[in-house]
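Engineer: Take a look at input25.tsv, TSV, C-alpha atoms:
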chain	number	residue	atom	x	y	z
A	227	MET	CA	35.09	28.66	14.91
A	228	LYS	CA	32.18	30.77	16.13
A	229	TYR	CA	29.77	28.48	14.23
A	230	PHE	CA	31.33	25.40	15.85
A	231	LEU	CA	31.01	26.88	19.33
A	232	THR	CA	27.37	27.72	18.67
A	233	LEU	CA	26.64	24.14	17.62
A	234	LEU	CA	28.49	22.84	20.68
A	235	THR	CA	26.47	25.10	22.97
A	236	ILE	CA	23.20	23.94	21.42
A	237	CYS	CA	24.22	20.31	21.85
A	238	VAL	CA	25.35	20.71	25.45
A	239	PHE	CA	22.32	22.66	26.62
A	240	GLY	CA	19.63	21.77	24.12
A	241	CYS	CA	20.10	18.12	23.15
A	242	ALA	CA	17.93	15.64	25.00
A	243	ALA	CA	19.75	13.12	27.14
A	244	PRO	CA	19.75	9.61	25.69
A	245	PRO	CA	17.00	7.38	27.09
A	246	LYS	CA	17.85	5.39	30.17
A	247	ARG	CA	17.86	1.61	29.77
A	248	ILE	CA	15.18	0.09	31.98
A	249	ALA	CA	14.59	-3.47	33.13
A	250	ALA	CA	11.05	-4.35	34.23
A	251	VAL	CA	10.57	-7.07	36.85
A	252	VAL	CA	6.85	-7.78	37.15
A	253	THR	CA	4.52	-10.38	38.63
A	254	GLU	CA	2.19	-10.56	35.63
A	255	TYR	CA	1.69	-8.50	32.49
A	256	ARG	CA	-1.83	-8.37	31.11
A	257	HIS	CA	-4.18	-5.72	29.73
A	258	ASN	CA	-4.83	-3.00	32.35
A	259	SER	CA	-2.62	-4.63	34.98
A	260	HIS	CA	-0.17	-2.34	36.77
A	261	ALA	CA	2.61	-3.78	34.62
A	262	ASP	CA	0.63	-2.75	31.56
A	263	VAL	CA	-0.28	0.79	32.63
A	264	ILE	CA	3.25	1.47	33.92
A	265	VAL	CA	5.68	-0.50	31.75
A	266	SER	CA	3.65	-0.20	28.55
A	267	ARG	CA	4.10	3.55	28.67
A	268	LEU	CA	7.74	2.96	27.73
A	269	LEU	CA	6.53	1.15	24.61
A	270	LEU	CA	3.17	2.67	23.70
A	271	THR	CA	3.64	6.26	24.94
A	272	HIS	CA	1.75	7.82	27.84
A	273	ALA	CA	-1.48	7.62	25.83
A	274	LEU	CA	-1.00	3.83	25.49
A	275	ASP	CA	-1.80	4.12	21.79
A	276	GLY	CA	1.57	5.02	20.27
A	277	LYS	CA	0.45	8.59	19.65
A	278	GLY	CA	1.22	10.35	22.92
A	279	GLU	CA	4.29	11.73	24.63
A	280	ARG	CA	7.05	9.16	25.01
A	281	PRO	CA	9.04	8.98	28.27
A	282	ASN	CA	12.79	9.25	27.84
A	283	LEU	CA	13.17	5.65	28.95
A	284	LYS	CA	13.81	2.52	26.92
A	285	LEU	CA	12.58	-0.87	28.00
A	286	VAL	CA	15.48	-3.23	27.29
A	287	SER	CA	14.55	-6.36	29.25
A	288	LEU	CA	11.63	-7.98	31.03
A	289	TYR	CA	10.99	-10.66	33.65
A	290	THR	CA	7.49	-11.98	34.38
A	291	ASP	CA	6.98	-14.03	37.53
A	292	GLN	CA	3.71	-15.48	36.26
A	293	VAL	CA	2.26	-15.83	32.76
A	294	PRO	CA	-1.56	-15.97	32.81
A	295	GLY	CA	-3.64	-17.03	29.86
A	296	ASN	CA	-4.39	-13.40	29.00
A	297	ASP	CA	-0.74	-12.34	29.14
A	298	THR	CA	0.18	-9.49	26.80
A	299	SER	CA	3.89	-9.23	27.54
A	300	ARG	CA	4.87	-11.69	24.83
A	301	LYS	CA	2.94	-9.73	22.22
A	302	TRP	CA	4.54	-6.42	23.10
A	303	ALA	CA	8.00	-7.90	23.62
A	304	LYS	CA	7.91	-9.39	20.13
A	305	LYS	CA	6.62	-6.19	18.54
A	306	PHE	CA	9.22	-3.95	20.23
A	307	ASN	CA	12.08	-6.46	20.26
A	308	VAL	CA	12.34	-6.60	24.06
A	309	PRO	CA	13.97	-9.80	25.37
A	310	ILE	CA	12.14	-11.68	28.12
A	311	TYR	CA	14.49	-13.50	30.48
A	312	GLN	CA	13.88	-16.45	32.77
A	313	THR	CA	15.62	-14.97	35.82
A	314	VAL	CA	15.93	-11.56	37.43
A	315	GLU	CA	19.72	-11.76	37.18
A	316	GLN	CA	19.59	-12.29	33.42
A	317	THR	CA	17.07	-9.44	33.13
A	318	LEU	CA	19.50	-7.03	34.80
A	319	THR	CA	22.73	-8.32	33.22
A	320	HIS	CA	21.54	-9.64	29.82
A	321	GLY	CA	23.82	-12.58	30.53
A	322	THR	CA	26.98	-10.44	30.48
A	323	GLY	CA	27.90	-10.78	34.15
A	324	LYS	CA	27.71	-6.98	34.44
A	325	LEU	CA	24.83	-4.65	35.16
A	326	ALA	CA	23.37	-3.79	31.75
A	327	VAL	CA	20.56	-1.40	32.75
A	328	ASP	CA	20.24	2.12	34.18
A	329	GLY	CA	17.14	1.47	36.26
A	330	VAL	CA	14.66	-1.15	37.47
A	331	LEU	CA	10.87	-1.02	37.53
A	332	LEU	CA	9.64	-3.59	40.07
A	333	VAL	CA	5.89	-3.94	39.57
A	334	ALA	CA	4.45	-6.65	41.81
A	335	GLU	CA	0.76	-5.87	42.15
A	336	HIS	CA	-1.25	-8.48	40.25
A	337	GLY	CA	-1.12	-12.25	39.92
A	338	LYS	CA	-2.21	-15.30	41.90
A	339	TYR	CA	-0.51	-15.08	45.28
A	340	PRO	CA	-1.65	-16.10	48.76
A	341	LYS	CA	-2.85	-13.75	51.47
A	342	ASN	CA	-1.28	-13.46	54.88
A	343	ALA	CA	-3.12	-13.92	58.18
A	344	THR	CA	-4.52	-10.38	58.12
A	345	GLY	CA	-5.80	-10.49	54.54
A	346	ASN	CA	-2.95	-8.62	52.87
A	347	THR	CA	-1.82	-10.20	49.59
A	348	ILE	CA	1.73	-11.54	49.78
A	349	TYR	CA	3.13	-10.14	46.56
A	350	PRO	CA	6.73	-11.34	46.16
A	351	LYS	CA	8.34	-7.92	46.56
A	352	ARG	CA	11.00	-9.08	49.01
A	353	ARG	CA	11.83	-12.12	46.89
A	354	LEU	CA	12.13	-10.12	43.68
A	355	PHE	CA	14.05	-7.24	45.26
A	356	ASN	CA	16.33	-9.80	46.89
A	357	GLU	CA	17.23	-11.05	43.42
A	358	VAL	CA	17.87	-7.47	42.30
A	359	GLN	CA	20.14	-6.67	45.23
A	360	LYS	CA	22.06	-9.92	44.67
A	361	VAL	CA	22.93	-8.66	41.20
A	362	PHE	CA	24.06	-5.34	42.64
A	363	ARG	CA	26.34	-7.09	45.13
A	364	LYS	CA	27.65	-9.57	42.58
A	365	THR	CA	28.48	-6.99	39.93
A	366	GLY	CA	29.53	-4.21	42.28
A	367	GLN	CA	27.21	-1.91	40.31
A	368	THR	CA	23.85	-0.41	41.23
A	369	ALA	CA	20.97	1.44	39.58
A	370	PRO	CA	17.86	3.26	40.84
A	371	VAL	CA	14.87	1.07	41.67
A	372	PHE	CA	11.18	1.92	41.70
A	373	VAL	CA	8.79	-0.38	43.61
A	374	ASP	CA	5.13	-0.02	42.68
A	375	LYS	CA	2.75	0.65	45.61
A	376	HIS	CA	3.78	-0.63	49.03
A	377	LEU	CA	7.20	-2.07	49.82
A	378	ALA	CA	5.81	-5.31	51.27
A	379	ASP	CA	2.75	-6.77	52.99
A	380	ASN	CA	4.44	-6.68	56.40
A	381	TRP	CA	6.71	-4.40	58.41
A	382	THR	CA	9.68	-6.77	58.59
A	383	ASP	CA	9.99	-7.19	54.83
A	384	ALA	CA	9.25	-3.54	54.08
A	385	LYS	CA	11.95	-2.40	56.52
A	386	TRP	CA	14.42	-4.94	55.10
A	387	LEU	CA	13.84	-3.70	51.55
A	388	HIS	CA	14.21	-0.04	52.57
A	389	ASP	CA	17.32	-0.68	54.65
A	390	THR	CA	18.97	-2.89	52.04
A	391	ALA	CA	18.59	-0.15	49.44
A	392	ARG	CA	20.08	2.35	51.87
A	393	GLU	CA	22.99	0.01	52.68
A	394	LEU	CA	23.82	-0.35	48.99
A	395	LYS	CA	23.24	3.36	48.34
A	396	VAL	CA	20.57	2.45	45.78
A	397	PRO	CA	18.23	5.34	44.91
A	398	LEU	CA	14.82	3.97	45.90
A	399	MET	CA	11.32	5.19	45.13
A	400	ALA	CA	8.00	3.50	45.70
A	401	GLY	CA	4.30	4.19	45.97
A	402	SER	CA	1.26	4.61	43.78
A	403	SER	CA	-0.18	7.35	41.59
A	404	LEU	CA	-2.42	8.82	44.32
A	405	PRO	CA	-0.04	11.60	45.45
A	406	VAL	CA	0.60	12.86	41.90
A	407	LEU	CA	-2.85	12.79	40.30
A	408	TRP	CA	-5.62	15.41	39.96
A	409	ARG	CA	-7.28	17.06	42.93
A	410	TYR	CA	-10.63	18.81	42.71
A	411	PRO	CA	-10.47	21.48	43.96
A	412	PRO	CA	-6.67	21.74	43.41
A	413	VAL	CA	-5.55	22.29	47.01
A	414	ASP	CA	-2.76	21.01	49.23
A	415	VAL	CA	-1.76	21.26	52.86
A	416	LYS	CA	0.27	24.40	53.30
A	417	ARG	CA	3.87	23.47	54.02
A	418	GLY	CA	4.56	24.00	57.71
A	419	ALA	CA	0.87	24.00	58.66
A	420	LYS	CA	-0.05	22.95	62.18
A	421	LEU	CA	-2.45	20.15	61.33
A	422	ASN	CA	-4.97	18.98	63.89
A	423	GLU	CA	-7.11	16.35	62.14
A	424	ILE	CA	-7.58	14.59	58.80
A	425	VAL	CA	-10.71	12.69	57.74
A	426	ALA	CA	-10.72	10.69	54.50
A	427	VAL	CA	-13.11	8.39	52.67
A	428	SER	CA	-12.16	5.36	50.60
A	429	TYR	CA	-13.68	2.29	48.99
A	430	HIS	CA	-13.03	-1.21	47.64
A	431	SER	CA	-10.67	-3.69	49.37
A	432	LEU	CA	-8.69	-2.79	52.48
A	433	ASP	CA	-5.35	-4.17	51.31
A	434	ALA	CA	-5.26	-2.71	47.79
A	435	TYR	CA	-7.36	0.46	48.07
A	436	GLY	CA	-6.83	0.94	51.78
A	437	TYR	CA	-3.18	1.42	50.90
A	438	HIS	CA	-4.14	4.14	48.40
A	439	ALA	CA	-6.14	5.96	51.06
A	440	LEU	CA	-3.23	5.81	53.50
A	441	GLU	CA	-0.91	7.24	50.89
A	442	MET	CA	-3.37	10.04	50.15
A	443	VAL	CA	-3.38	10.97	53.83
A	444	GLN	CA	0.39	10.61	54.22
A	445	CYS	CA	1.30	12.84	51.27
A	446	LEU	CA	-0.75	15.56	52.97
A	447	SER	CA	0.34	14.99	56.57
A	448	GLU	CA	4.06	14.95	55.76
A	449	ARG	CA	3.83	18.64	54.81
A	450	ARG	CA	2.86	19.69	58.34
A	451	ALA	CA	5.10	21.61	60.72
A	452	GLY	CA	8.15	19.48	61.50
A	453	GLY	CA	7.47	17.04	58.67
A	454	GLU	CA	6.72	13.44	59.55
A	455	THR	CA	7.37	12.71	63.22
A	456	GLY	CA	6.11	9.15	63.58
A	457	VAL	CA	3.02	7.24	64.69
A	458	ARG	CA	2.10	6.27	68.26
A	459	GLN	CA	-0.64	3.72	67.59
A	460	VAL	CA	-3.37	2.62	65.19
A	461	GLN	CA	-6.77	0.97	65.42
A	462	THR	CA	-9.30	-0.50	62.98
A	463	LEU	CA	-13.00	-0.48	63.81
A	464	THR	CA	-15.64	-2.34	61.79
A	465	GLY	CA	-19.42	-2.60	61.53
A	466	ASP	CA	-21.47	-1.22	64.41
A	467	ALA	CA	-18.31	-0.01	66.15
A	468	VAL	CA	-17.88	2.51	63.33
A	469	TRP	CA	-21.39	3.89	63.71
A	470	LYS	CA	-20.91	4.06	67.47
A	471	ALA	CA	-17.65	5.96	67.00
A	472	MET	CA	-19.49	8.44	64.80
A	473	ASP	CA	-22.33	8.81	67.29
A	474	ASN	CA	-19.76	9.48	70.02
A	475	ARG	CA	-18.02	12.12	67.87
A	476	LEU	CA	-14.70	10.30	67.80
A	477	PHE	CA	-13.76	12.53	64.88
A	478	ASP	CA	-15.01	15.80	63.39
A	479	GLN	CA	-18.26	15.02	61.57
A	480	ALA	CA	-18.06	18.27	59.64
A	481	LEU	CA	-14.77	17.12	58.10
A	482	LEU	CA	-16.44	13.90	56.99
A	483	GLN	CA	-19.22	15.89	55.33
A	484	ASP	CA	-16.63	18.13	53.66
A	485	ALA	CA	-14.84	15.08	52.24
A	486	LEU	CA	-18.14	13.62	50.99
A	487	LYS	CA	-19.23	16.91	49.38
A	488	CYS	CA	-16.16	16.90	47.13
A	489	LEU	CA	-17.10	13.56	45.56
A	490	THR	CA	-18.55	13.59	42.06
A	491	ARG	CA	-19.28	10.01	41.01
A	492	SER	CA	-20.22	8.15	44.20
A	493	PRO	CA	-23.60	6.66	45.18
A	494	VAL	CA	-23.79	9.04	48.14
A	495	THR	CA	-23.87	12.01	45.75
A	496	ALA	CA	-26.63	10.46	43.66
A	497	GLN	CA	-28.76	9.55	46.70
A	498	PRO	CA	-28.48	12.56	49.01
A	499	ASN	CA	-31.62	11.62	50.93
A	500	LYS	CA	-30.14	8.34	52.16
A	501	SER	CA	-27.91	8.15	55.20
A	502	LEU	CA	-24.55	6.42	55.28
A	503	LYS	CA	-26.07	3.70	57.45
A	504	GLU	CA	-28.63	2.99	54.72
A	505	LEU	CA	-25.99	2.83	51.98
A	506	VAL	CA	-23.11	1.08	53.74
A	507	LYS	CA	-23.41	-2.47	55.09
A	508	ASP	CA	-19.86	-3.01	56.33
A	509	PRO	CA	-18.10	0.23	57.27
A	510	VAL	CA	-14.44	0.20	58.27
A	511	LEU	CA	-12.60	2.94	60.14
A	512	PHE	CA	-8.81	3.30	60.27
A	513	VAL	CA	-7.62	5.43	63.20
A	514	ILE	CA	-4.04	6.76	63.20
A	515	GLU	CA	-2.55	8.67	66.13
A	516	TYR	CA	0.68	10.47	65.29
A	517	LEU	CA	3.33	11.24	67.88
A	518	ASP	CA	2.88	15.01	67.51
A	519	GLY	CA	-0.85	14.88	68.26
A	520	LEU	CA	-2.22	14.79	64.71
A	521	LYS	CA	-5.02	12.26	64.25
A	522	ALA	CA	-6.19	10.80	60.95
A	523	TYR	CA	-9.37	8.86	60.27
A	524	ILE	CA	-10.02	6.89	57.08
A	525	LEU	CA	-13.48	5.46	56.44
A	526	THR	CA	-13.99	2.72	53.85
A	527	LEU	CA	-17.64	3.15	52.85
A	528	ASN	CA	-18.45	0.62	50.16
A	529	GLY	CA	-21.98	1.21	48.89
A	530	ALA	CA	-21.75	4.95	49.40
A	531	VAL	CA	-18.29	5.88	48.11
A	532	SER	CA	-16.46	4.91	44.93
A	533	GLU	CA	-13.61	7.44	44.91
A	534	TRP	CA	-11.20	9.11	47.33
A	535	GLY	CA	-11.96	12.27	49.26
A	536	VAL	CA	-10.22	13.98	52.16
A	537	ALA	CA	-10.65	16.96	54.46
A	538	TRP	CA	-8.36	18.47	57.07
A	539	LYS	CA	-8.22	21.23	59.64
A	540	THR	CA	-5.42	23.11	61.34
A	541	LEU	CA	-5.07	23.99	65.02
A	542	ASN	CA	-6.52	27.44	64.33
A	543	GLY	CA	-9.61	25.89	62.72
A	544	GLN	CA	-8.88	26.44	59.03
A	545	LYS	CA	-10.39	23.70	56.85
A	546	LYS	CA	-9.75	22.40	53.33
A	547	SER	CA	-11.10	19.44	51.38
A	548	THR	CA	-10.61	17.82	47.99
A	549	THR	CA	-11.14	14.73	45.87
A	550	PHE	CA	-8.19	12.73	44.58
A	551	TRP	CA	-9.41	11.99	41.05
A	552	THR	CA	-8.39	9.02	38.90
A	553	GLN	CA	-9.18	8.49	35.22
A	554	GLU	CA	-11.23	5.30	35.37
A	555	ALA	CA	-10.76	4.58	31.66
A	556	ARG	CA	-7.84	3.89	29.41
A	557	PRO	CA	-5.18	5.31	29.23
A	558	TYR	CA	-5.52	5.75	33.03
A	559	MET	CA	-3.57	8.95	32.63
A	560	HIS	CA	-2.78	9.28	36.34
A	561	PHE	CA	-0.11	6.62	35.88
A	562	THR	CA	1.66	9.03	33.51
A	563	TYR	CA	2.68	11.22	36.43
A	564	LEU	CA	3.87	8.23	38.41
A	565	VAL	CA	6.08	7.21	35.47
A	566	LYS	CA	7.29	10.80	35.07
A	567	GLY	CA	8.44	10.68	38.69
A	568	THR	CA	10.42	7.51	38.05
A	569	GLU	CA	11.83	8.98	34.84
A	570	LYS	CA	13.23	11.92	36.79
A	571	MET	CA	14.92	9.58	39.28
A	572	PHE	CA	16.37	7.35	36.56
A	573	HIS	CA	17.96	10.38	34.92
A	574	THR	CA	19.15	12.25	38.02
A	575	GLY	CA	19.91	9.38	40.40
A	576	GLN	CA	17.88	11.18	43.08
A	577	PRO	CA	14.45	9.96	44.30
A	578	THR	CA	11.68	12.34	43.26
A	579	TRP	CA	9.79	11.70	46.50
A	580	PRO	CA	10.89	9.91	49.68
A	581	ALA	CA	10.82	6.14	50.05
A	582	GLU	CA	10.15	6.78	53.74
A	583	ARG	CA	6.59	7.80	52.84
A	584	THR	CA	6.03	4.35	51.39
A	585	LEU	CA	7.79	2.67	54.30
A	586	MET	CA	5.36	4.46	56.61
A	587	THR	CA	2.24	3.65	54.61
A	588	SER	CA	3.30	0.01	54.16
A	589	ALA	CA	3.77	-0.31	57.92
A	590	LEU	CA	0.50	1.46	58.71
A	591	LEU	CA	-1.51	-0.87	56.48
A	592	ASP	CA	0.13	-3.89	58.10
A	593	ALA	CA	-0.61	-2.65	61.64
A	594	LEU	CA	-4.18	-1.60	60.80
A	595	LEU	CA	-4.97	-5.00	59.32
A	596	ILE	CA	-3.48	-6.64	62.41
A	597	SER	CA	-5.83	-4.52	64.53
A	598	LYS	CA	-8.78	-5.61	62.41
A	599	SER	CA	-7.81	-9.27	62.78
A	600	LYS	CA	-7.76	-8.79	66.57
A	601	ASN	CA	-11.27	-7.33	66.74
A	602	GLY	CA	-10.22	-3.71	66.76
A	603	VAL	CA	-7.66	-3.55	69.54
A	604	SER	CA	-5.26	-0.64	69.47
A	605	ILE	CA	-1.84	-1.57	68.10
A	606	PRO	CA	1.12	0.39	69.54
A	607	THR	CA	3.69	1.23	66.86
A	608	PRO	CA	6.94	2.19	68.65
A	609	TYR	CA	8.87	1.10	65.55
A	610	LEU	CA	7.21	3.94	63.60
A	611	ASN	CA	8.94	6.72	65.52
A	612	PHE	CA	11.11	7.62	62.53
A	613	LYS	CA	11.07	11.09	61.01
A	614	TYR	CA	11.38	12.35	57.47
A	615	THR	CA	10.85	15.52	55.49
A	616	THR	CA	10.49	16.12	51.78
A	617	GLU	CA	10.85	19.01	49.37
A	618	TRP	CA	8.60	17.26	46.86
A	619	GLY	CA	5.52	19.27	46.01
A	620	TRP	CA	2.34	18.33	44.20
A	621	LYS	CA	1.23	20.16	41.06
A	622	GLN	CA	-2.10	19.79	39.28
A	623	PRO	CA	-1.53	17.79	36.07
A	624	PRO	CA	-2.93	18.97	32.74
A	625	PRO	CA	-6.43	17.69	31.91
A	626	PRO	CA	-6.36	14.03	30.80
A	627	PRO	CA	-7.17	12.98	27.25
A	628	PRO	CA	-10.62	11.51	26.60
A	629	GLY	CA	-10.95	8.07	28.16
A	630	ARG	CA	-11.29	4.96	26.04
A	631	PRO	CA	-13.22	1.85	27.08
A	632	TRP	CA	-11.10	-0.24	29.43
A	633	ASN	CA	-11.27	-3.26	27.11
A	634	GLN	CA	-9.87	-1.36	24.13
A	635	GLN	CA	-6.19	-1.00	23.33
Before we go any further, please render this structure as structure tokens.

Structural biologist:
Amino acid sequence: MKYFLTLLTICVFGCAAPPKRIAAVVTEYRHNSHADVIVSRLLLTHALDGKGERPNLKLVSLYTDQVPGNDTSRKWAKKFNVPIYQTVEQTLTHGTGKLAVDGVLLVAEHGKYPKNATGNTIYPKRRLFNEVQKVFRKTGQTAPVFVDKHLADNWTDAKWLHDTARELKVPLMAGSSLPVLWRYPPVDVKRGAKLNEIVAVSYHSLDAYGYHALEMVQCLSERRAGGETGVRQVQTLTGDAVWKAMDNRLFDQALLQDALKCLTRSPVTAQPNKSLKELVKDPVLFVIEYLDGLKAYILTLNGAVSEWGVAWKTLNGQKKSTTFWTQEARPYMHFTYLVKGTEKMFHTGQPTWPAERTLMTSALLDALLISKSKNGVSIPTPYLNFKYTTEWGWKQPPPPPPGRPWNQQ
């Protein structure tokens, strides 16, 4: 009897939970696409080579909205016996009429889709999530959903997706890997800090990488005293208007220098004798004014910057700065910690971090691109007066494995 009770105790407290059944709904699945570096971790381990740690998740069905010539989903689906369905409903029900999965990965980040009037790509997130929520309503069953990166390219659709999940009591997470990846040095905003100003640097396109920069800033600012309180207005300056803003000391120039000093692989670090004006042809400045007085400034400096850096100061003048570091080689290990966050939600039914962060960053990108399209006018954002707080806390991940060339499996 004592032996039996010992075995029972070991099983109850020591046995791993069975893997959760996951459906992936993606726009396209090709080598190094977001579908690959997220969903493939369920098949190929976190090292994307079959030799690493395996998440406690099982891919049981797949839907691809587009199938490009370099698609890899069919190869992996055949190898791992994962059915590919023609509709989202079949992907979630397996044709049974009942919900047949424990969670949904909605990865709509690549593929050939049009852009809206402000230059933001119209990925079909609302359309695909609409199909998911139809299944939930039809079956009377729900499961947690993770939406990669922003919720939508515009405020209306992002708010609809967020509110629909809340109405159906669907655990919802979204966002990118930026909040969970490495920081050098490994620092964070002290919870409850009275932040005064944030200055960040970014690169690449405004819709894709501008979103990353906004999320970097938001995961820091939400830790301030009172949590997130909302945004009063935003503005986007371009070209000479950016240099003029710098000359007029619109923001703390020392914070900008602190953010730049943290960078390790950008042109500005290799050419210290050249000014930003010499290196950058088309600067862009995002300006965000929060309701509680905090101001954030994000400079996209293509030609000088090729990574993300950020600096901040508190009301009493304390300053910190860091680089948000990504592994720019396969297996792109930063996506591991994004997947680990989803894994936790799929097993607990509780979001690991708040969807409201992504609602905010989605809305900010939309408003900032509207400002840019209107030659830099300030855009009031009374609809962004919502508040949220989070207990989620960042931790420095272990060092990544050696990177492999991006074109290798």

Engineer: Which is closest to Leu517 (chain A) among A:Tyr349, A:Tyr289, A:Trp551, A:Phe612, if we use all atoms listed in the file?

Structural biologist: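 Going through A:Tyr349, A:Tyr289, A:Trp551, A:Phe612 one by one, the smallest distance to Leu517 (chain A) is for A:Phe612.
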
Engineer: Would you be able to write out as a PyMOL selection string which residues have an atom within 12 Å of (-5.4, 1.4, 52.7) in the file's coordinates, counting all atoms listed in the file?

Structural biologist: chain A and resi 346+375-376+379+402+404+426-444+462+510-514+523-526+534+584+586-595

Engineer: Counting all atoms listed in the file, figure out which residue out of A:Gly321, A:Gly453, A:Gly567, A:Gly366 gets nearest to Leu283 (chain A).

Structural biologist: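 Of all the options, A:Gly567 lies closest to Leu283 (chain A).
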
Engineer: If you take every atom of region 286-303 of chain A that the file lists and fit an axis-aligned box around them with 6 Å extra on each side, what centre and edge lengths come out in Å to one decimal, as JSON?

Structural biologist:
{"center_x": 5.5, "center_y": -10.1, "center_z": 29.9, "size_x": 31.9, "size_y": 25.8, "size_z": 27.3}

Engineer: Any idea what's packed within 10 Å of Trp469 (chain A), counting all atoms listed in the file, ignoring anything in its chain fewer than 3 positions away? Could you give it as a ChimeraX atom specification?

Structural biologist: /A:463-466,472-475,502-503,509-511

Engineer: Just checking: using all atoms listed in the file, which residue out of A:Leu541, A:Leu489, A:Leu332, A:Leu285 ends up closest to Lys521 (chain A)?

Structural biologist: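 Closest residue, counting all atoms listed in the file: A:Leu541.
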
Engineer: Would you work out the distance separating CA of Leu270 (chain A) from CA of Val361 (chain A), expressed in Å to one decimal?

Structural biologist: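 Between CA of Leu270 (chain A) and CA of Val361 (chain A) the gap is 28.7 Å.
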
Engineer: Can you tell me which residues surround Ala249 (chain A) at a distance of at most 12 Å, considering all atoms listed in the file, apart from same-chain residues fewer than 4 positions away, and format the answer as a ChimeraX atom specification?

Structural biologist: /A:265,268,283-290,308-311,313-320,325-333,358,369-372,572

Engineer: Smallest atom-to-atom distance to Pro606 (chain A): which of A:Gln312, A:Asn282, A:Thr574, A:Gln461, using only C-alpha atoms?

Structural biologist: A:Gln461

Engineer: Report the distance between CA of Thr490 (chain A) and CA of Met559 (chain A) in Å, rounded to one decimal place.

Structural biologist: 18.3 Å

Engineer: Quick one: residues within 10 Å of Gln622 (chain A), all atoms listed in the file counted, chain neighbours fewer than 5 positions away excluded, as a list in words?

Structural biologist: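 So the residues in contact are Val406, Leu407, Trp408, Arg409, Tyr410, Pro411, Pro412 and Val413 of chain A.
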
Engineer: Using all atoms listed in the file, can you tell me which of A:Glu504, A:Glu423, A:Asp518, A:Glu554 comes closest to Gln479 (chain A)?

Structural biologist: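 Closest candidate: A:Glu423.
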
Engineer: Quick one: distance from CA of Gly529 (chain A) to CA of Leu481 (chain A) in Å, one decimal?

Structural biologist: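 These two atoms are separated by 19.7 Å.
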
Engineer: Closest to Lys566 (chain A) among A:Ala378, A:Ala303, A:Ala334, A:Ile264, using all atoms listed in the file?

Structural biologist: A:Ile264
